[in-house]
file entry00.txt (compact mmCIF, C-alpha atoms)
# COMPACT_ATOMS: atom_id res chain seq x y z
CA MET A 1 26.05 41.69 -31.44
CA ASN A 2 25.20 38.32 -32.98
CA SER A 3 23.70 40.03 -36.02
CA LEU A 4 26.90 42.06 -36.39
CA ILE A 5 29.04 38.90 -36.22
CA GLY A 6 26.75 37.23 -38.74
CA LEU A 7 26.99 40.19 -41.08
CA LYS A 8 30.80 40.22 -40.84
CA LEU A 9 30.91 36.47 -41.58
CA GLN A 10 28.65 36.84 -44.57
CA GLU A 11 30.74 39.74 -45.93
CA TRP A 12 33.94 37.73 -45.48
CA PHE A 13 32.50 34.73 -47.37
CA ILE A 14 31.43 37.04 -50.21
CA SER A 15 34.87 38.64 -50.25
CA ILE A 16 36.53 35.26 -50.87
CA GLY A 17 34.31 34.61 -53.85
CA ILE A 18 31.37 32.69 -52.39
CA PRO A 19 28.01 33.73 -53.86
CA GLU A 20 25.83 35.82 -51.57
CA HIS A 21 23.08 33.16 -51.30
CA TYR A 22 25.50 30.41 -50.26
CA ALA A 23 27.37 32.78 -48.01
CA SER A 24 24.16 33.44 -46.12
CA LEU A 25 23.47 29.72 -45.74
CA ILE A 26 27.02 28.97 -44.56
CA LYS A 27 26.86 31.86 -42.13
CA SER A 28 23.56 30.58 -40.69
CA ALA A 29 24.91 27.02 -40.42
CA ILE A 30 28.03 28.21 -38.61
CA ILE A 31 25.97 30.27 -36.16
CA ILE A 32 23.61 27.34 -35.53
CA LEU A 33 26.57 25.04 -34.87
CA ALA A 34 28.07 27.69 -32.58
CA ILE A 35 24.80 27.98 -30.67
CA ILE A 36 24.58 24.19 -30.32
CA LEU A 37 28.19 24.05 -29.15
CA ILE A 38 27.70 26.90 -26.68
CA SER A 39 24.51 25.28 -25.37
CA TYR A 40 26.28 21.97 -24.90
CA LEU A 41 29.19 23.63 -23.14
CA ALA A 42 26.76 25.53 -20.92
CA TYR A 43 25.04 22.23 -20.08
CA LEU A 44 28.37 20.61 -19.24
CA ILE A 45 29.37 23.54 -17.06
CA THR A 46 26.10 23.61 -15.15
CA ASN A 47 25.63 19.84 -14.95
CA LYS A 48 29.20 18.84 -14.22
CA VAL A 49 31.11 21.73 -12.71
CA ILE A 50 28.46 23.76 -10.89
CA PHE A 51 26.58 20.59 -9.95
CA ARG A 52 29.68 19.17 -8.28
CA ILE A 53 30.35 22.43 -6.46
CA ILE A 54 26.78 22.49 -5.14
CA SER A 55 27.12 18.82 -4.15
CA LYS A 56 30.19 19.58 -2.04
CA LEU A 57 28.55 22.62 -0.43
CA VAL A 58 25.45 20.61 0.44
CA ARG A 59 27.47 17.86 2.10
CA ARG A 60 29.30 20.41 4.27
CA THR A 61 26.16 22.04 5.69
CA LYS A 62 24.56 20.72 8.85
CA TYR A 63 21.02 21.12 7.54
CA ALA A 64 19.05 18.16 6.20
CA TRP A 65 16.70 20.03 3.87
CA ASP A 66 19.40 20.97 1.34
CA ASP A 67 20.53 17.32 1.19
CA ILE A 68 16.95 16.30 0.42
CA ILE A 69 16.65 18.94 -2.32
CA PHE A 70 19.91 17.69 -3.81
CA GLN A 71 18.83 14.04 -3.65
CA LYS A 72 15.54 14.83 -5.39
CA LYS A 73 17.59 16.16 -8.37
CA VAL A 74 16.18 19.68 -8.23
CA PHE A 75 19.50 21.25 -9.28
CA LYS A 76 20.13 18.57 -11.89
CA ARG A 77 16.81 19.25 -13.58
CA LEU A 78 17.34 22.97 -13.30
CA SER A 79 20.58 22.67 -15.31
CA HIS A 80 18.55 21.67 -18.40
CA ILE A 81 17.03 25.14 -18.64
CA VAL A 82 20.36 26.88 -19.44
CA PRO A 83 20.85 25.35 -22.94
CA ALA A 84 17.20 26.02 -23.76
CA ILE A 85 17.59 29.69 -22.82
CA ILE A 86 20.68 30.02 -25.04
CA ILE A 87 18.91 28.38 -28.00
CA TYR A 88 15.81 30.51 -27.44
CA TYR A 89 17.62 33.87 -27.48
CA PHE A 90 20.17 33.11 -30.19
CA ALA A 91 17.98 31.16 -32.64
CA LEU A 92 16.46 34.26 -34.23
CA THR A 93 19.91 35.77 -34.82
CA GLY A 94 21.33 32.66 -36.41
CA LEU A 95 18.30 32.13 -38.62
CA ALA A 96 17.44 35.72 -39.51
CA GLU A 97 16.94 34.72 -43.16
CA PHE A 98 14.60 31.89 -42.08
CA PRO A 99 12.10 33.52 -39.70
CA VAL A 100 9.61 30.63 -39.80
CA THR A 101 12.26 28.07 -38.83
CA ALA A 102 13.61 30.44 -36.18
CA SER A 103 10.12 30.87 -34.73
CA ILE A 104 9.59 27.08 -34.59
CA ILE A 105 12.93 26.54 -32.82
CA GLN A 106 12.15 29.33 -30.35
CA SER A 107 8.72 27.82 -29.65
CA ALA A 108 10.26 24.38 -29.14
CA ALA A 109 12.84 25.86 -26.76
CA TYR A 110 10.10 27.72 -24.89
CA ILE A 111 8.00 24.55 -24.57
CA TYR A 112 11.08 22.69 -23.33
CA MET A 113 11.72 25.36 -20.70
CA ILE A 114 8.11 25.12 -19.51
CA PHE A 115 8.36 21.34 -19.33
CA VAL A 116 11.66 21.48 -17.41
CA GLY A 117 10.14 24.10 -15.11
CA MET A 118 7.30 21.72 -14.29
CA LEU A 119 9.78 18.93 -13.53
CA VAL A 120 11.84 21.27 -11.32
CA LEU A 121 8.77 22.35 -9.33
CA ASP A 122 7.66 18.71 -9.08
CA ALA A 123 11.06 17.70 -7.68
CA PHE A 124 11.09 20.69 -5.32
CA LEU A 125 7.64 19.81 -3.94
CA SER A 126 8.73 16.18 -3.49
CA ALA A 127 11.79 17.41 -1.62
CA LEU A 128 9.60 19.68 0.48
CA HIS A 129 7.40 16.71 1.39
CA SER A 130 10.41 14.54 2.24
CA ALA A 131 11.78 17.32 4.46
CA TYR A 132 8.37 17.64 6.14
CA LEU A 133 8.36 13.91 6.88
CA THR A 134 11.44 14.40 9.05
CA LEU A 135 9.43 16.62 11.41
CA PRO A 136 7.42 15.11 14.31
CA ILE A 137 4.26 16.95 13.21
CA SER A 138 4.21 14.91 9.97
CA LYS A 139 2.93 11.92 11.94
CA GLU A 140 -0.08 13.90 13.06
CA LYS A 141 -0.81 15.91 9.91
CA PRO A 142 0.18 14.34 6.58
CA ILE A 143 0.43 16.78 3.65
CA LYS A 144 0.92 14.36 0.77
CA GLY A 145 -2.59 15.07 -0.50
CA TYR A 146 -1.88 18.81 -0.55
CA ILE A 147 1.44 18.27 -2.34
CA GLN A 148 -0.26 16.16 -4.99
CA SER A 149 -2.96 18.81 -5.42
CA VAL A 150 -0.35 21.55 -5.97
CA LYS A 151 1.43 19.31 -8.48
CA ILE A 152 -1.80 18.84 -10.40
CA VAL A 153 -2.28 22.63 -10.53
CA ILE A 154 1.32 23.13 -11.72
CA TYR A 155 0.97 20.55 -14.49
CA ALA A 156 -2.43 21.96 -15.47
CA PHE A 157 -1.02 25.47 -15.86
CA GLY A 158 2.07 24.07 -17.60
CA ILE A 159 -0.09 22.30 -20.16
CA ILE A 160 -2.09 25.52 -20.70
CA PHE A 161 1.13 27.48 -21.35
CA ILE A 162 2.39 24.80 -23.74
CA LEU A 163 -0.90 24.83 -25.63
CA SER A 164 -0.79 28.62 -25.78
CA VAL A 165 2.64 28.42 -27.44
CA ILE A 166 1.53 25.76 -29.93
CA LEU A 167 -1.76 27.47 -30.80
CA GLY A 168 -0.33 30.98 -30.72
CA LYS A 169 -2.90 32.22 -28.23
CA SER A 170 -2.48 33.88 -24.86
CA PRO A 171 -2.86 31.70 -21.72
CA GLY A 172 -5.68 34.01 -20.57
CA THR A 173 -7.70 33.18 -23.65
CA LEU A 174 -7.25 29.45 -23.09
CA LEU A 175 -8.19 29.80 -19.41
CA ALA A 176 -11.34 31.65 -20.37
CA SER A 177 -12.28 28.88 -22.79
CA LEU A 178 -11.90 26.28 -20.03
CA GLY A 179 -15.16 27.48 -18.54
CA ALA A 180 -17.01 25.87 -21.42
CA ILE A 181 -15.52 22.45 -20.67
CA ALA A 182 -15.60 22.72 -16.86
CA ALA A 183 -18.45 20.22 -16.61
CA ILE A 184 -16.45 17.68 -18.63
CA LEU A 185 -13.37 18.23 -16.47
CA ILE A 186 -15.44 17.70 -13.33
CA LEU A 187 -16.67 14.38 -14.68
CA VAL A 188 -13.20 13.30 -15.79
CA PHE A 189 -11.50 14.33 -12.54
CA LYS A 190 -14.39 13.49 -10.21
CA ASP A 191 -12.35 11.08 -8.08
CA THR A 192 -9.45 13.55 -7.88
CA ILE A 193 -11.74 16.39 -6.79
CA LEU A 194 -13.49 14.19 -4.22
CA GLY A 195 -10.13 12.92 -3.01
CA PHE A 196 -8.76 16.45 -2.68
CA VAL A 197 -11.73 17.61 -0.58
CA SER A 198 -11.65 14.43 1.50
CA SER A 199 -7.91 14.65 2.18
CA ILE A 200 -8.39 18.19 3.46
CA GLN A 201 -11.17 17.02 5.80
CA LEU A 202 -9.17 14.02 7.02
CA SER A 203 -6.14 16.18 7.75
CA ALA A 204 -8.02 19.13 9.25
CA ASN A 205 -10.12 16.93 11.56
CA GLN A 206 -7.23 14.53 12.30
CA MET A 207 -9.50 11.60 11.47
CA VAL A 208 -6.72 9.31 10.28
CA LYS A 209 -2.96 9.47 9.78
CA PRO A 210 -0.19 7.06 8.75
CA GLY A 211 0.46 4.54 11.49
CA ASP A 212 -3.15 4.44 12.73
CA TRP A 213 -4.88 1.10 13.14
CA ILE A 214 -8.27 1.34 11.43
CA THR A 215 -11.09 -1.13 10.87
CA MET A 216 -13.45 -0.74 7.91
CA PRO A 217 -15.48 -3.94 7.32
CA SER A 218 -17.11 -2.61 4.14
CA LYS A 219 -13.66 -2.46 2.50
CA ASP A 220 -12.20 -5.57 4.22
CA ALA A 221 -9.70 -3.30 5.94
CA ASP A 222 -8.32 -4.16 9.36
CA GLY A 223 -4.77 -3.00 9.81
CA THR A 224 -2.32 -0.11 9.79
CA VAL A 225 -2.52 2.93 7.51
CA ILE A 226 0.75 3.06 5.58
CA GLU A 227 0.06 5.88 3.12
CA ILE A 228 -2.48 8.64 2.50
CA THR A 229 -2.52 10.12 -1.00
CA LEU A 230 -4.86 12.41 -2.89
CA ASN A 231 -7.05 9.58 -4.18
CA THR A 232 -6.37 6.57 -1.97
CA VAL A 233 -5.54 5.43 1.53
CA LYS A 234 -3.38 2.29 1.73
CA VAL A 235 -3.98 -0.04 4.65
CA GLN A 236 -1.77 -3.03 5.42
CA ASN A 237 -3.95 -5.68 7.03
CA PHE A 238 -2.58 -7.88 9.77
CA ASP A 239 -2.35 -10.75 7.27
CA LYS A 240 0.09 -8.51 5.31
CA THR A 241 -2.35 -7.89 2.45
CA ILE A 242 -2.70 -4.33 1.17
CA VAL A 243 -6.16 -2.74 0.89
CA THR A 244 -6.57 0.44 -1.16
CA ILE A 245 -9.50 2.59 -0.02
CA PRO A 246 -10.73 5.68 -1.91
CA THR A 247 -10.03 8.71 0.25
CA TYR A 248 -13.60 9.98 0.01
CA SER A 249 -14.87 6.62 1.38
CA LEU A 250 -13.38 7.53 4.76
CA ILE A 251 -15.63 10.60 4.74
CA SER A 252 -18.80 9.09 3.29
CA GLU A 253 -18.62 5.78 5.22
CA SER A 254 -17.93 4.86 8.82
CA PHE A 255 -14.68 3.34 10.01
CA GLN A 256 -13.12 2.62 13.38
CA ASN A 257 -9.84 4.23 14.37
CA TRP A 258 -8.03 2.55 17.26
CA ARG A 259 -5.66 5.48 17.83
CA GLY A 260 -7.40 6.43 21.08
CA MET A 261 -6.81 2.96 22.49
CA GLU A 262 -3.15 3.02 21.45
CA GLU A 263 -2.58 6.46 22.94
CA SER A 264 -4.40 5.61 26.16
CA GLY A 265 -1.82 3.04 27.21
CA GLY A 266 -4.36 0.22 27.60
CA ARG A 267 -6.32 -2.22 25.45
CA ARG A 268 -9.75 -3.38 26.45
CA ILE A 269 -10.66 -6.93 27.42
CA ALA A 270 -14.41 -7.54 27.25
CA ARG A 271 -15.17 -11.25 27.28
CA SER A 272 -17.60 -13.43 29.16
CA ILE A 273 -17.56 -16.85 30.77
CA TYR A 274 -20.91 -18.71 30.95
CA ILE A 275 -21.74 -20.38 34.25
CA ASP A 276 -24.26 -23.22 34.50
CA LEU A 277 -27.22 -21.79 36.47
CA LYS A 278 -27.80 -25.14 38.19
CA SER A 279 -24.39 -24.92 39.88
CA ILE A 280 -25.12 -21.59 41.65
CA LYS A 281 -25.89 -21.98 45.37
CA PHE A 282 -25.48 -20.55 48.85
CA CYS A 283 -22.19 -21.09 50.64
CA ASP A 284 -22.22 -23.47 53.59
CA ASN A 285 -19.61 -23.58 56.34
CA GLU A 286 -17.57 -26.20 54.54
CA MET A 287 -17.40 -24.06 51.42
CA LEU A 288 -16.49 -20.95 53.42
CA ASP A 289 -13.66 -22.80 55.18
CA LYS A 290 -12.43 -23.91 51.75
CA PHE A 291 -12.58 -20.35 50.38
CA LYS A 292 -10.65 -19.02 53.38
CA LYS A 293 -7.70 -21.13 52.27
CA ILE A 294 -7.50 -19.11 49.04
CA LYS A 295 -5.12 -16.27 49.87
CA LEU A 296 -6.57 -13.73 47.43
CA ILE A 297 -10.07 -13.81 48.94
CA ARG A 298 -9.34 -14.81 52.54
CA ALA A 299 -9.76 -11.27 53.88
CA TYR A 300 -12.85 -10.70 51.73
CA VAL A 301 -14.57 -13.87 52.97
CA ASP A 302 -13.81 -13.05 56.63
CA GLU A 303 -15.08 -9.50 56.25
CA LYS A 304 -18.26 -10.47 54.40
CA GLN A 305 -18.97 -13.33 56.77
CA THR A 306 -18.74 -11.01 59.79
CA GLU A 307 -20.89 -8.39 58.05
CA ILE A 308 -23.56 -10.93 57.10
CA GLU A 309 -23.65 -12.51 60.56
CA ASN A 310 -24.10 -9.10 62.20
CA HIS A 311 -26.84 -8.23 59.74
CA ASN A 312 -28.71 -11.50 60.32
CA LYS A 313 -28.42 -11.13 64.12
CA HIS A 314 -29.81 -7.62 63.88
CA LEU A 315 -32.81 -8.92 61.90
CA GLU A 316 -33.08 -11.95 64.21
CA VAL A 317 -33.28 -14.31 61.27
CA ASP A 318 -33.06 -18.01 62.01
CA ASP A 319 -30.06 -19.88 60.56
CA THR A 320 -32.37 -22.38 58.86
CA ASP A 321 -34.32 -19.64 57.05
CA MET A 322 -32.06 -19.43 54.01
CA ALA A 323 -34.58 -17.37 52.03
CA SER A 324 -34.82 -14.55 54.60
CA ARG A 325 -31.22 -14.27 55.71
CA ARG A 326 -28.29 -12.83 53.84
CA ASN A 327 -25.84 -15.40 52.53
CA LEU A 328 -22.68 -15.58 50.55
CA THR A 329 -23.04 -17.38 47.21
CA ASN A 330 -20.40 -19.32 45.38
CA ILE A 331 -20.98 -17.20 42.26
CA GLY A 332 -20.51 -14.00 44.30
CA VAL A 333 -17.28 -15.23 45.84
CA TYR A 334 -16.06 -16.39 42.45
CA ARG A 335 -16.87 -13.00 40.92
CA LYS A 336 -14.93 -11.25 43.70
CA TYR A 337 -12.05 -13.66 43.24
CA ILE A 338 -11.77 -12.74 39.54
CA GLU A 339 -11.87 -9.03 40.40
CA ILE A 340 -9.05 -9.34 42.96
CA TYR A 341 -7.10 -11.64 40.65
CA LEU A 342 -7.23 -9.03 37.87
CA GLU A 343 -6.42 -6.22 40.29
CA LYS A 344 -3.24 -8.07 41.31
CA HIS A 345 -2.33 -9.12 37.75
CA PRO A 346 0.94 -7.39 36.66
CA LYS A 347 -0.25 -6.89 33.07
CA ILE A 348 -3.70 -5.47 33.85
CA HIS A 349 -4.37 -1.83 34.71
CA GLY A 350 -5.80 -1.64 38.21
CA ILE A 351 -8.51 0.69 39.44
CA GLU A 352 -5.88 3.05 40.86
CA SER A 353 -4.67 3.65 37.29
CA ASN A 354 -8.02 5.27 36.42
CA TYR A 355 -8.94 2.37 34.15
CA THR A 356 -12.26 0.59 34.38
CA LEU A 357 -12.09 -2.86 35.95
CA ILE A 358 -15.45 -4.60 36.34
CA VAL A 359 -16.53 -8.20 36.78
CA ARG A 360 -20.30 -8.23 36.30
CA HIS A 361 -23.34 -10.35 35.54
CA LEU A 362 -25.03 -9.99 32.17
CA GLN A 363 -28.56 -11.02 31.28
CA PRO A 364 -28.94 -14.80 31.79
CA THR A 365 -29.48 -16.76 28.58
CA GLU A 366 -30.25 -20.32 27.57
CA ASN A 367 -26.48 -20.84 27.72
CA GLY A 368 -26.24 -19.92 31.40
CA LEU A 369 -25.21 -16.84 33.35
CA PRO A 370 -22.59 -14.69 31.56
CA ILE A 371 -19.93 -13.24 33.85
CA GLN A 372 -18.20 -10.51 31.87
CA ILE A 373 -14.62 -9.49 32.52
CA TYR A 374 -14.16 -5.85 31.55
CA ALA A 375 -10.58 -4.68 32.02
CA PHE A 376 -7.62 -3.09 30.23
CA SER A 377 -4.38 -4.78 29.35
CA LYS A 378 -1.12 -2.86 29.66
CA ASP A 379 0.13 -4.50 26.47
CA GLN A 380 -1.43 -3.00 23.35
CA ASP A 381 0.46 -5.02 20.78
CA TRP A 382 -1.99 -7.46 19.24
CA GLY A 383 0.10 -10.58 19.83
CA LYS A 384 1.02 -9.70 23.41
CA PHE A 385 -2.54 -8.60 24.16
CA GLU A 386 -3.99 -11.91 22.97
CA GLN A 387 -1.39 -13.77 25.06
CA VAL A 388 -2.35 -11.83 28.20
CA GLN A 389 -6.07 -12.35 27.55
CA ALA A 390 -5.60 -16.07 26.89
CA ASP A 391 -3.53 -16.53 30.07
CA ILE A 392 -6.21 -14.80 32.16
CA PHE A 393 -9.05 -16.90 30.80
CA ASP A 394 -7.00 -20.09 31.03
CA HIS A 395 -6.81 -19.46 34.75
CA ILE A 396 -10.43 -18.30 35.13
CA PHE A 397 -11.77 -21.41 33.40
CA ALA A 398 -9.49 -23.76 35.32
CA VAL A 399 -10.38 -22.32 38.75
CA VAL A 400 -14.17 -22.60 38.30
CA PRO A 401 -14.46 -26.05 40.01
CA GLU A 402 -12.78 -24.63 43.12
CA PHE A 403 -15.99 -22.65 43.74
CA ASP A 404 -18.34 -25.61 43.14
CA LEU A 405 -19.43 -24.04 39.85
CA ARG A 406 -19.65 -25.45 36.36
CA VAL A 407 -19.00 -23.78 33.03
CA PHE A 408 -22.00 -24.17 30.75
CA GLN A 409 -21.48 -26.38 27.73
CA ASN A 410 -23.99 -28.01 25.41
CA PRO A 411 -24.14 -31.80 25.78
CA THR A 412 -21.62 -33.71 23.71
CA GLY A 413 -21.24 -37.36 22.76
CA TYR A 414 -19.04 -37.80 25.83
CA ASP A 415 -21.87 -36.63 28.12
CA PHE A 416 -24.38 -39.08 26.61
CA MET A 417 -21.86 -41.92 26.82
CA LYS A 418 -21.25 -41.13 30.48
CA LEU A 419 -25.00 -41.08 31.16
CA THR A 420 -25.42 -44.43 29.40
CA ASN A 421 -22.72 -46.00 31.53
CA GLN A 422 -24.42 -44.73 34.70
CA ILE A 423 -27.70 -46.32 33.64
call {"tool": "encode", "arguments": {"input": "entry00.txt", "output": "structure tokens"}}
result
Amino acid sequence: MNSLIGLKLQEWFISIGIPEHYASLIKSAIIILAIILISYLAYLITNKVIFRIISKLVRRTKYAWDDIIFQKKVFKRLSHIVPAIIIYYFALTGLAEFPVTASIIQSAAYIYMIFVGMLVLDAFLSALHSAYLTLPISKEKPIKGYIQSVKIVIYAFGIIFILSVILGKSPGTLLASLGAIAAILILVFKDTILGFVSSIQLSANQMVKPGDWITMPSKDADGTVIEITLNTVKVQNFDKTIVTIPTYSLISESFQNWRGMEESGGRRIARSIYIDLKSIKFCDNEMLDKFKKIKLIRAYVDEKQTEIENHNKHLEVDDTDMASRRNLTNIGVYRKYIEIYLEKHPKIHGIESNYTLIVRHLQPTENGLPIQIYAFSKDQDWGKFEQVQADIFDHIFAVVPEFDLRVFQNPTGYDFMKLTNQI
């Protein structure tokens, strides 16, 4: 039809006295201007009118995914294809006398359509990822690495199609020739390939996800994972610095994920207090009477005292034979006191909660006897956890003299000054 209109125009120009050569040029110019005008009108219709209609329809729906697709400008980018299609199909008609120019314009329009198609697919995948992030499963299984991988494939194929248009060769021929440069591509995209494989392993094995607290000393990382991409994992340390870790490092190197602790509902306290060995001794009656005044261990002291007295009577051990008879020790009573104190503490998980709660001796050292407190705080937040732990040890340190014990401490200038004054 376009060729018929062009022929009629050319005949009309000749009929009014314009030479055939100029008539052909004027006819081609008019058709080109008409194509440009039609393309522009088509762009205005799709970008302004249809775009506004789609915008209103999207706002009226109750679904969130169409809003996300609209916000990512998928439809807006798609509107750019319409003018390119018009130019592509009508260029040859308008420039029939100039086949080389017509072929160049068609190739340019085709390349533009491929490029716009890549942008549309890119925006659609971004919208798909944003929609996925609204689902609860996105916190467990991030797919950003997969999305980036698909985008890379789309752009790779898009570039191949563009090159095929420019070089005048089929895409299959170009793909076949890629085998010769595969080794170079592997070297160039080594990090991307490693990152792609690693992101699949991280996601499949649920090794790490956004929001996890991880520790990786080799990378100076100790904080919360804020983003997982194809090539990197971003960690915001607790000092608010950002550490970027290559994705494959999380596969090739070791790191600590604190997710289990956070999901368990408790955070471990494992700290020791060192008792001076010289202050450990058997309990005499005066000490036992003093301990009975402490409400937390009153029942324990009475029970153990009765048990020990019955045991010693059964063995007929003399009261003066301290080495042969069973006796309560101040360190034993103190250890039991800490255990009961923690059991009653409102911010510590008790034994009935199926959490470990142990107060135990460790191997004695030159710094005294370590008494380790092994328990779980109900508060997992770092700041609150440290506050609970500090409050517990404030009390444990302060109550030591009540059991005639001393906390071990290397001599200081104050100790030597005190000794000098005594001499």
call {"tool": "atom_distance", "arguments": {"input": "entry00.txt", "atom1": "atom CA of A:Val150", "atom2": "atom CA of A:Gly223"}}
result
29.5 Å
call {"tool": "residues_near_point", "arguments": {"input": "entry00.txt", "point": "(-15.0, -16.8, 51.4)", "cutoff": "7 Å", "atoms": "only C-alpha atoms", "output": "tab-separated table (two decimals) with C-alpha atoms, in the coordinates of the input"}}
result
chain	number	residue	atom	x	y	z
A	288	LEU	CA	-16.49	-20.95	53.42
A	291	PHE	CA	-12.58	-20.35	50.38
A	292	LYS	CA	-10.65	-19.02	53.38
A	297	ILE	CA	-10.07	-13.81	48.94
A	298	ARG	CA	-9.34	-14.81	52.54
A	300	TYR	CA	-12.85	-10.70	51.73
A	301	VAL	CA	-14.57	-13.87	52.97
A	302	ASP	CA	-13.81	-13.05	56.63
A	333	VAL	CA	-17.28	-15.23	45.84
call {"tool": "atom_distance", "arguments": {"input": "entry00.txt", "atom1": "atom CA of A:His361", "atom2": "atom CA of A:Asn330"}}
result
13.6 Å
call {"tool": "closest_residue", "arguments": {"input": "entry00.txt", "among": "A:Ala84, A:Glu286, A:Met113, A:Gln71", "to": "A:Ile36", "atoms": "all atoms listed in the file"}}
result
A:Ala84
call {"tool": "closest_residue", "arguments": {"input": "entry00.txt", "among": "A:Ile275, A:Ile242, A:Leu342, A:Met207", "to": "A:Arg259", "atoms": "all atoms listed in the file"}}
result
A:Met207
call {"tool": "closest_residue", "arguments": {"input": "entry00.txt", "among": "A:Ile371, A:Ile111, A:Leu135, A:Leu405", "to": "A:Lys278", "atoms": "all atoms listed in the file"}}
result
A:Leu405
call {"tool": "residues_around", "arguments": {"input": "entry00.txt", "residues": "A:Val153", "least_positions_apart": "5", "cutoff": "12 Å", "atoms": "all atoms listed in the file", "output": "list in words"}}
result
Met118, Leu121, Asp122, Tyr146, Ile147, Gln148, Gly158, Ile159, Ile160, Thr192, Ile193 and Phe196 of chain A
call {"tool": "atom_distance", "arguments": {"input": "entry00.txt", "atom1": "atom CA of A:Leu328", "atom2": "atom CA of A:Tyr355"}}
result
27.9 Å
call {"tool": "closest_residue", "arguments": {"input": "entry00.txt", "among": "A:Glu386, A:Asp276, A:Asp212, A:Glu227", "to": "A:Val407", "atoms": "all atoms listed in the file"}}
result
A:Asp276
call {"tool": "residues_around", "arguments": {"input": "entry00.txt", "residues": "stretch 380-382 of chain A", "least_positions_apart": "3", "cutoff": "10 Å", "atoms": "all atoms listed in the file", "output": "compact mmCIF listing (two decimals) with C-alpha atoms, in the coordinates of the input"}}
result
# COMPACT_ATOMS: atom_id res chain seq x y z
CA PHE A 238 -2.58 -7.88 9.77
CA MET A 261 -6.81 2.96 22.49
CA GLU A 262 -3.15 3.02 21.45
CA GLU A 263 -2.58 6.46 22.94
CA SER A 264 -4.40 5.61 26.16
CA GLY A 265 -1.82 3.04 27.21
CA GLY A 266 -4.36 0.22 27.60
CA ARG A 267 -6.32 -2.22 25.45
CA ARG A 268 -9.75 -3.38 26.45
CA PHE A 376 -7.62 -3.09 30.23
CA SER A 377 -4.38 -4.78 29.35
CA PHE A 385 -2.54 -8.60 24.16
CA GLU A 386 -3.99 -11.91 22.97
CA GLN A 387 -1.39 -13.77 25.06
CA VAL A 388 -2.35 -11.83 28.20
call {"tool": "closest_residue", "arguments": {"input": "entry00.txt", "among": "A:His129, A:Ala123, A:Gln236, A:Thr356", "to": "A:Leu78", "atoms": "all atoms listed in the file"}}
result
A:Ala123
call {"tool": "closest_residue", "arguments": {"input": "entry00.txt", "among": "A:Val235, A:Met322, A:Ile114, A:Val400", "to": "A:Asp284", "atoms": "only C-alpha atoms"}}
result
A:Met322
